[in-house]
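*Asks:* I'd like to ask some things about the structure below.
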Amino acid sequence: MKTPTFIKGRGAQSQVHNKFIELSHEERDDFLNYCAVEDEDRTVKTTFIETFPKSIINKVTSPDVGMSYSLNPYQGCEHGCVYCYARNSHEYWGYGAGIDFESKILIKKTAPQLLEKKLQSKSWKAATIALSGNTDCYQPIEKSLKITRQLLKVFLKYKHPVGIITKNALIQRDLDILTELAKDNLVSVYLSITSLNEQTRRLLEPRTASIKKRLETLSKLTEAGIPTGVMMAPIIPSINSHEILPLVKEVSQRGAHRVGFTIVRLNGAISHIFSEWIRATMPDRADKVLHQIEQCHGGTLNDSRFGKRMTGDGEMAHYIHQQFAIAKAKYLKDSAKISLNCDLHQHYKTGQLSLF
């Protein structure tokens, strides 16, 4: 059978069976399927599906995730990062973790109203809410829908702290609101920058902002006085693990307050998606990379051990941790944890300053 052509502009290269759905399909190596592959249109169009959730804030219970609450205005992500841990969550919505995750995007237009209702609740106590705990709040559709911008207006109105994680330069559009939030220490931003190599970025994260645009965004955020850090997540052995020192040096020179990282883990359907992708894009080093990932996770691509799943262990993981320790000691000596103001919100429960 003829090998299907690489799907440009996408991370996943195939549909992946949803483990929660009883029925499945397979392609057989016979004449009819040969014809199907010959005629197959490998372009994939993105569709957007409006959903109507009853609540919008998620309590994060995982002990090794650095956030207490998250808010995701979108499910699925058109950025198409091949390694993304959030792919598995798309199966809960009845879709696949492969092509479906990046081409069937669920949107929550009522998110700003739901957030406002929650922040007005007498029982709610202010705690930093992270935008993009699961999928990027600044993915391409945000440019037209502006749900994230509306959410930021709500956070500003109620003087409530918000953290943002993104790899899209679109966040520059909202500098006006971010600057106002920063005046009261109500916002912090983490930009995801995994490489300084544009070719690596195109393969790993096909529909994200270019490295040049992300570095430009980092400079503009820090110049505007917005506390901004960088997440080099994930580190993938033999793909971007050699870039730790130069990347930390670059982002520190552009004002990043701190740099964090995780080591790639390929849980659930992601192990198949990533393996298929790397054999199509980097066949010469596919086995090496996969074996080195296994070395970081006790001999398996799948790692669910709290405290180890994102930091890894073993010789390869130790090498990565050492590189970061050296980079931080050299380029981020004065880095400090970003702590936001949770004290103002109680006086703004109604959206205006209380007299008492």
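All residue names refer to the structure tokens as shown: chains lettered A, B, ... in order, residues numbered from 1 in each chain, ligands numbered from 1 in order.
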From a backbone DSSP assignment, name each residue in stretch 64-114 of chain A labelled helix (DSSP H, G or I), as a PDB file with N, CA, C and O atoms, in the first residue's frame.
*Replies:*
ATOM      1  N   TYR A  85      -0.359  16.928  26.187  1.00  0.00           N
ATOM      2  CA  TYR A  85      -1.015  16.023  27.137  1.00  0.00           C
ATOM      3  C   TYR A  85      -2.533  16.159  27.097  1.00  0.00           C
ATOM      4  O   TYR A  85      -3.272  15.239  27.466  1.00  0.00           O
ATOM      5  N   ALA A  86      -3.033  17.309  26.643  1.00  0.00           N
ATOM      6  CA  ALA A  86      -4.477  17.555  26.637  1.00  0.00           C
ATOM      7  C   ALA A  86      -5.203  16.753  25.564  1.00  0.00           C
ATOM      8  O   ALA A  86      -6.436  16.672  25.582  1.00  0.00           O
ATOM      9  N   ARG A  87      -4.475  16.157  24.646  1.00  0.00           N
ATOM     10  CA  ARG A  87      -5.123  15.370  23.592  1.00  0.00           C
ATOM     11  C   ARG A  87      -6.037  14.289  24.189  1.00  0.00           C
ATOM     12  O   ARG A  87      -7.133  14.041  23.684  1.00  0.00           O
ATOM     13  N   ASN A  88      -5.579  13.646  25.245  1.00  0.00           N
ATOM     14  CA  ASN A  88      -6.373  12.569  25.834  1.00  0.00           C
ATOM     15  C   ASN A  88      -7.728  13.052  26.344  1.00  0.00           C
ATOM     16  O   ASN A  88      -8.704  12.303  26.351  1.00  0.00           O
ATOM     17  N   SER A  89      -7.799  14.321  26.775  1.00  0.00           N
ATOM     18  CA  SER A  89      -9.061  14.835  27.314  1.00  0.00           C
ATOM     19  C   SER A  89     -10.134  14.947  26.239  1.00  0.00           C
ATOM     20  O   SER A  89     -11.337  14.980  26.549  1.00  0.00           O
ATOM     21  N   HIS A  90      -9.734  15.009  24.974  1.00  0.00           N
ATOM     22  CA  HIS A  90     -10.727  15.135  23.899  1.00  0.00           C
ATOM     23  C   HIS A  90     -11.574  13.874  23.774  1.00  0.00           C
ATOM     24  O   HIS A  90     -12.687  13.919  23.225  1.00  0.00           O
ATOM     25  N   GLU A  91     -11.077  12.773  24.268  1.00  0.00           N
ATOM     26  CA  GLU A  91     -11.840  11.527  24.215  1.00  0.00           C
ATOM     27  C   GLU A  91     -13.079  11.583  25.105  1.00  0.00           C
ATOM     28  O   GLU A  91     -14.082  10.922  24.830  1.00  0.00           O
ATOM     29  N   TYR A  92     -13.025  12.384  26.163  1.00  0.00           N
ATOM     30  CA  TYR A  92     -14.189  12.509  27.056  1.00  0.00           C
ATOM     31  C   TYR A  92     -15.363  13.195  26.365  1.00  0.00           C
ATOM     32  O   TYR A  92     -16.512  13.066  26.800  1.00  0.00           O
ATOM     33  N   TRP A  93     -15.065  13.934  25.302  1.00  0.00           N
ATOM     34  CA  TRP A  93     -16.113  14.644  24.565  1.00  0.00           C
ATOM     35  C   TRP A  93     -16.617  13.830  23.372  1.00  0.00           C
ATOM     36  O   TRP A  93     -17.437  14.308  22.596  1.00  0.00           O
ATOM     37  N   ILE A  99      -6.204  13.650  14.975  1.00  0.00           N
ATOM     38  CA  ILE A  99      -6.661  14.757  14.128  1.00  0.00           C
ATOM     39  C   ILE A  99      -7.862  15.480  14.734  1.00  0.00           C
ATOM     40  O   ILE A  99      -7.979  16.707  14.631  1.00  0.00           O
ATOM     41  N   ASP A 100      -8.774  14.744  15.366  1.00  0.00           N
ATOM     42  CA  ASP A 100      -9.956  15.379  15.959  1.00  0.00           C
ATOM     43  C   ASP A 100      -9.574  16.483  16.942  1.00  0.00           C
ATOM     44  O   ASP A 100     -10.220  17.539  16.988  1.00  0.00           O
ATOM     45  N   PHE A 101      -8.560  16.230  17.761  1.00  0.00           N
ATOM     46  CA  PHE A 101      -8.185  17.187  18.808  1.00  0.00           C
ATOM     47  C   PHE A 101      -7.848  18.555  18.237  1.00  0.00           C
ATOM     48  O   PHE A 101      -8.169  19.588  18.842  1.00  0.00           O
ATOM     49  N   GLU A 102      -7.216  18.575  17.074  1.00  0.00           N
ATOM     50  CA  GLU A 102      -6.790  19.844  16.502  1.00  0.00           C
ATOM     51  C   GLU A 102      -7.694  20.351  15.382  1.00  0.00           C
ATOM     52  O   GLU A 102      -7.450  21.417  14.825  1.00  0.00           O
ATOM     53  N   SER A 103      -8.744  19.602  15.049  1.00  0.00           N
ATOM     54  CA  SER A 103      -9.633  20.036  13.965  1.00  0.00           C
ATOM     55  C   SER A 103     -11.092  20.143  14.388  1.00  0.00           C
ATOM     56  O   SER A 103     -11.909  20.698  13.654  1.00  0.00           O
ATOM     57  N   ALA A 111     -18.624  31.588  28.549  1.00  0.00           N
ATOM     58  CA  ALA A 111     -17.605  31.550  29.601  1.00  0.00           C
ATOM     59  C   ALA A 111     -17.524  32.849  30.404  1.00  0.00           C
ATOM     60  O   ALA A 111     -17.447  32.808  31.639  1.00  0.00           O
ATOM     61  N   PRO A 112     -17.542  34.040  29.785  1.00  0.00           N
ATOM     62  CA  PRO A 112     -17.454  35.274  30.575  1.00  0.00           C
ATOM     63  C   PRO A 112     -18.613  35.435  31.557  1.00  0.00           C
ATOM     64  O   PRO A 112     -18.407  35.867  32.699  1.00  0.00           O
ATOM     65  N   GLN A 113     -19.821  35.085  31.134  1.00  0.00           N
ATOM     66  CA  GLN A 113     -20.974  35.193  32.025  1.00  0.00           C
ATOM     67  C   GLN A 113     -20.875  34.192  33.183  1.00  0.00           C
ATOM     68  O   GLN A 113     -21.201  34.516  34.334  1.00  0.00           O
ATOM     69  N   LEU A 114     -20.414  32.988  32.888  1.00  0.00           N
ATOM     70  CA  LEU A 114     -20.255  31.974  33.934  1.00  0.00           C
ATOM     71  C   LEU A 114     -19.172  32.379  34.927  1.00  0.00           C
ATOM     72  O   LEU A 114     -19.306  32.163  36.137  1.00  0.00           O
TER      73      LEU A 114
END
*Asks:* Excluding A:Tyr190 and its own-chain neighbours fewer than 2 positions away, which residues fall within 10 Å of it when counting only C-alpha atoms? Please give them as a list in words.
*Replies:*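 Counting only the stated atoms, we get Gly163, Ile164, Ile165, Thr166, Lys167, Ser188, Ser192, Ile193, Leu218, Pro227, Thr228, Gly229, Val230, Met231, Met232, Ala256, His257, Arg258, Val259 and Gly260 of chain A.
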*Asks:* May I have the residues within 9 Å of A:Ala317 as a list in words, using only C-alpha atoms and disregarding those fewer than 2 positions away in the same chain?
*Replies:*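 After dropping sequence-adjacent residues, the list is Pro237, Ile263, Ile293, Gln295, Cys296, His297, Thr311, Gly312, Asp313, Gly314, Glu315, Tyr319, Ile320, His321 and Gln322 of chain A.
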*Asks:* Given the selection you just returned, output its residues as a file containing all heavy atoms, formatted as a CSV table (one decimal), in the first residue's frame.
*Replies:*
chain,number,residue,atom,x,y,z
A,237,PRO,N,14.2,14.6,24.7
A,237,PRO,CA,15.6,14.2,24.4
A,237,PRO,C,15.9,14.2,22.9
A,237,PRO,O,15.1,13.6,22.1
A,237,PRO,CB,15.7,12.9,25.1
A,237,PRO,CG,14.6,12.9,26.2
A,237,PRO,CD,13.5,13.7,25.6
A,263,ILE,N,9.6,17.4,31.5
A,263,ILE,CA,10.1,16.4,30.5
A,263,ILE,C,8.9,15.7,29.8
A,263,ILE,O,8.0,15.3,30.5
A,263,ILE,CB,11.0,15.4,31.3
A,263,ILE,CG1,12.3,16.1,31.8
A,263,ILE,CG2,11.4,14.2,30.3
A,263,ILE,CD1,13.2,15.2,32.6
A,293,ILE,N,13.2,8.8,25.8
A,293,ILE,CA,12.0,9.2,26.6
A,293,ILE,C,11.7,8.1,27.6
A,293,ILE,O,11.4,8.3,28.7
A,293,ILE,CB,10.8,9.4,25.6
A,293,ILE,CG1,11.1,10.7,24.8
A,293,ILE,CG2,9.5,9.6,26.4
A,293,ILE,CD1,10.0,10.9,23.7
A,295,GLN,N,13.8,6.1,28.9
A,295,GLN,CA,14.8,6.1,30.0
A,295,GLN,C,14.4,7.1,31.1
A,295,GLN,O,14.8,7.0,32.2
A,295,GLN,CB,16.1,6.5,29.4
A,295,GLN,CG,16.7,5.4,28.5
A,295,GLN,CD,18.0,5.8,27.8
A,295,GLN,OE1,18.6,6.8,28.2
A,295,GLN,NE2,18.4,5.2,26.7
A,296,CYS,N,13.6,8.1,30.7
A,296,CYS,CA,13.2,9.1,31.7
A,296,CYS,C,12.0,8.7,32.5
A,296,CYS,O,11.7,9.4,33.5
A,296,CYS,CB,12.9,10.4,31.0
A,296,CYS,SG,14.3,11.3,30.2
A,297,HIS,N,11.4,7.6,32.1
A,297,HIS,CA,10.1,7.2,32.8
A,297,HIS,C,10.1,5.7,33.1
A,297,HIS,O,9.1,5.0,32.9
A,297,HIS,CB,8.9,7.6,31.9
A,297,HIS,CG,8.8,9.0,31.6
A,297,HIS,ND1,8.5,10.0,32.6
A,297,HIS,CD2,9.0,9.8,30.5
A,297,HIS,CE1,8.4,11.2,32.1
A,297,HIS,NE2,8.8,11.1,30.8
A,311,THR,N,8.8,15.4,35.8
A,311,THR,CA,10.2,15.6,36.0
A,311,THR,C,11.1,14.5,35.6
A,311,THR,O,12.3,14.7,35.3
A,311,THR,CB,10.5,15.9,37.5
A,311,THR,OG1,10.1,14.7,38.3
A,311,THR,CG2,9.7,17.1,38.0
A,312,GLY,N,10.5,13.3,35.5
A,312,GLY,CA,11.3,12.1,35.0
A,312,GLY,C,12.3,11.7,36.1
A,312,GLY,O,12.5,12.3,37.1
A,313,ASP,N,13.0,10.6,35.8
A,313,ASP,CA,14.1,10.1,36.6
A,313,ASP,C,15.0,9.3,35.7
A,313,ASP,O,14.8,9.2,34.5
A,313,ASP,CB,13.6,9.3,37.8
A,313,ASP,CG,12.7,8.1,37.4
A,313,ASP,OD1,12.7,7.7,36.2
A,313,ASP,OD2,12.1,7.5,38.3
A,314,GLY,N,16.1,8.9,36.3
A,314,GLY,CA,17.1,8.2,35.5
A,314,GLY,C,18.2,9.1,35.0
A,314,GLY,O,18.2,10.3,35.2
A,315,GLU,N,19.2,8.5,34.2
A,315,GLU,CA,20.3,9.3,33.8
A,315,GLU,C,20.0,10.4,32.9
A,315,GLU,O,20.5,11.5,33.0
A,315,GLU,CB,21.3,8.3,33.2
A,315,GLU,CG,22.7,9.0,32.8
A,315,GLU,CD,23.7,8.0,32.3
A,315,GLU,OE1,23.5,6.7,32.5
A,315,GLU,OE2,24.6,8.4,31.6
A,319,TYR,N,20.5,14.5,33.6
A,319,TYR,CA,21.3,15.4,32.7
A,319,TYR,C,20.5,16.6,32.4
A,319,TYR,O,21.0,17.7,32.4
A,319,TYR,CB,21.6,14.6,31.4
A,319,TYR,CG,22.0,15.5,30.2
A,319,TYR,CD1,23.3,16.0,30.2
A,319,TYR,CD2,21.1,15.8,29.2
A,319,TYR,CE1,23.7,16.9,29.2
A,319,TYR,CE2,21.5,16.7,28.2
A,319,TYR,CZ,22.8,17.2,28.1
A,319,TYR,OH,23.2,18.0,27.1
A,320,ILE,N,19.2,16.5,32.1
A,320,ILE,CA,18.3,17.6,31.7
A,320,ILE,C,18.2,18.5,33.0
A,320,ILE,O,18.3,19.8,32.8
A,320,ILE,CB,16.9,17.1,31.3
A,320,ILE,CG1,17.0,16.4,29.9
A,320,ILE,CG2,15.9,18.3,31.2
A,320,ILE,CD1,15.8,15.7,29.5
A,321,HIS,N,18.0,18.0,34.1
A,321,HIS,CA,17.9,18.8,35.4
A,321,HIS,C,19.2,19.5,35.6
A,321,HIS,O,19.2,20.7,36.1
A,321,HIS,CB,17.5,17.9,36.5
A,321,HIS,CG,16.1,17.5,36.6
A,321,HIS,ND1,15.1,18.2,37.3
A,321,HIS,CD2,15.4,16.5,36.0
A,321,HIS,CE1,13.9,17.7,37.2
A,321,HIS,NE2,14.1,16.6,36.4
A,322,GLN,N,20.3,18.9,35.4
A,322,GLN,CA,21.6,19.6,35.6
A,322,GLN,C,21.8,20.7,34.6
A,322,GLN,O,22.3,21.8,35.0
A,322,GLN,CB,22.8,18.6,35.4
A,322,GLN,CG,23.0,17.7,36.5
A,322,GLN,CD,24.3,16.8,36.3
A,322,GLN,OE1,24.6,16.3,35.2
A,322,GLN,NE2,25.1,16.7,37.4
*Asks:* Considering only C-alpha atoms, state which residue in the set A:Arg202, A:Lys153, A:Lys159, A:Lys59 is at the smallest distance from A:Asp174.
*Replies:*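 Ranking A:Arg202, A:Lys153, A:Lys159, A:Lys59 by distance to A:Asp174, first place goes to A:Lys153.
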*Asks:* Which distance in Å separates atom CA of A:Leu181 and atom CA of A:Glu116, to one decimal?
*Replies:* 16.3 Å
*Asks:* As an mmCIF file with C-alpha atoms, in the first residue's frame, which residues of stretch 94-313 of chain A does DSSP assign to strand (DSSP E)?
*Replies:*
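Result file selection_6.cif:
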data_model
loop_
_atom_site.group_PDB
_atom_site.id
_atom_site.type_symbol
_atom_site.label_atom_id
_atom_site.label_comp_id
_atom_site.auth_asym_id
_atom_site.auth_seq_id
_atom_site.Cartn_x
_atom_site.Cartn_y
_atom_site.Cartn_z
ATOM 1 C CA LYS A 104 -12.809 19.784 16.110
ATOM 2 C CA ILE A 105 -12.689 22.711 18.510
ATOM 3 C CA LEU A 106 -15.352 23.112 21.193
ATOM 4 C CA ILE A 107 -16.034 26.743 22.059
ATOM 5 C CA ILE A 129 -7.302 31.040 38.089
ATOM 6 C CA ALA A 130 -5.139 29.835 35.214
ATOM 7 C CA LEU A 131 -6.309 30.430 31.666
ATOM 8 C CA VAL A 162 -5.441 35.440 36.752
ATOM 9 C CA GLY A 163 -2.541 33.492 35.306
ATOM 10 C CA ILE A 164 -2.127 32.918 31.578
ATOM 11 C CA ILE A 165 -0.243 30.200 29.713
ATOM 12 C CA THR A 166 0.050 30.575 25.948
ATOM 13 C CA VAL A 187 -1.829 38.944 36.375
ATOM 14 C CA SER A 188 1.147 36.839 35.383
ATOM 15 C CA VAL A 189 1.944 35.269 32.029
ATOM 16 C CA TYR A 190 3.899 32.215 31.042
ATOM 17 C CA LEU A 191 4.906 31.967 27.405
ATOM 18 C CA SER A 192 5.561 28.465 26.119
ATOM 19 C CA THR A 228 6.289 37.062 32.559
ATOM 20 C CA GLY A 229 8.010 33.704 32.691
ATOM 21 C CA VAL A 230 8.793 31.049 30.122
ATOM 22 C CA MET A 231 7.847 27.380 30.109
ATOM 23 C CA MET A 232 10.217 25.211 28.103
ATOM 24 C CA ALA A 233 7.741 22.392 28.127
ATOM 25 C CA PRO A 234 8.242 19.744 27.236
ATOM 26 C CA ILE A 235 11.917 18.912 26.946
ATOM 27 C CA VAL A 259 11.873 29.672 33.459
ATOM 28 C CA GLY A 260 10.226 26.326 34.116
ATOM 29 C CA PHE A 261 10.284 23.002 32.303
ATOM 30 C CA THR A 262 8.801 19.530 32.133
ATOM 31 C CA ILE A 263 10.097 16.373 30.514
#
*Asks:* Mind checking which residues fall within 8 Å of stretch 333-347 of chain A, counting only C-alpha atoms, ignoring those fewer than 3 positions away in the same chain, and posting them as a PyMOL selection string?
*Replies:* chain A and resi 125-128+158-161+184-188+227+257-258+328-330+352-354+356
*Asks:* For atom CA of A:Leu290 and atom CA of A:His318, determine how far apart the two atoms are, in Å to one decimal place.
*Replies:* 17.1 Å
*Asks:* So, counting only C-alpha atoms, which residue among A:Gly98, A:Glu50, A:Asn168, A:Ser121 is closest to A:Arg214?
*Replies:*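 Nearest to A:Arg214: A:Asn168.
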*Asks:* Taking only C-alpha atoms into account, name the residue in A:Thr148, A:Thr200, A:Ser132, A:Asn302 that is nearest to A:Ser241.
*Replies:*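 Counting only C-alpha atoms, the residue closest to A:Ser241 is A:Thr200.
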*Asks:* Have a look at atom CA of A:Tyr74 and atom CA of A:Leu204 and let me know their distance in Å, one decimal.
*Replies:*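 So the two atoms, atom CA of A:Tyr74 and atom CA of A:Leu204, lie 20.7 Å apart.
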*Asks:* May I ask which of the residues A:Trp124, A:Tyr138, A:Phe324, A:Tyr331 is the closest one to A:Ile57, counting only C-alpha atoms?
*Replies:*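 Among A:Trp124, A:Tyr138, A:Phe324, A:Tyr331, it is A:Trp124 that comes nearest to A:Ile57.
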*Asks:* Return the single residue from A:Asp64, A:Asp287, A:Asp136, A:Glu223 that is closest to A:Gln253, with distances computed using only C-alpha atoms.
*Replies:*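 Nearest to A:Gln253: A:Glu223.
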*Asks:* Taking only C-alpha atoms into account, name the residue in A:Thr208, A:Asn267, A:Ser275, A:Ser55 that is nearest to A:Ser70.
*Replies:*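 Comparing A:Thr208, A:Asn267, A:Ser275, A:Ser55 against A:Ser70, the winner is A:Ser55.
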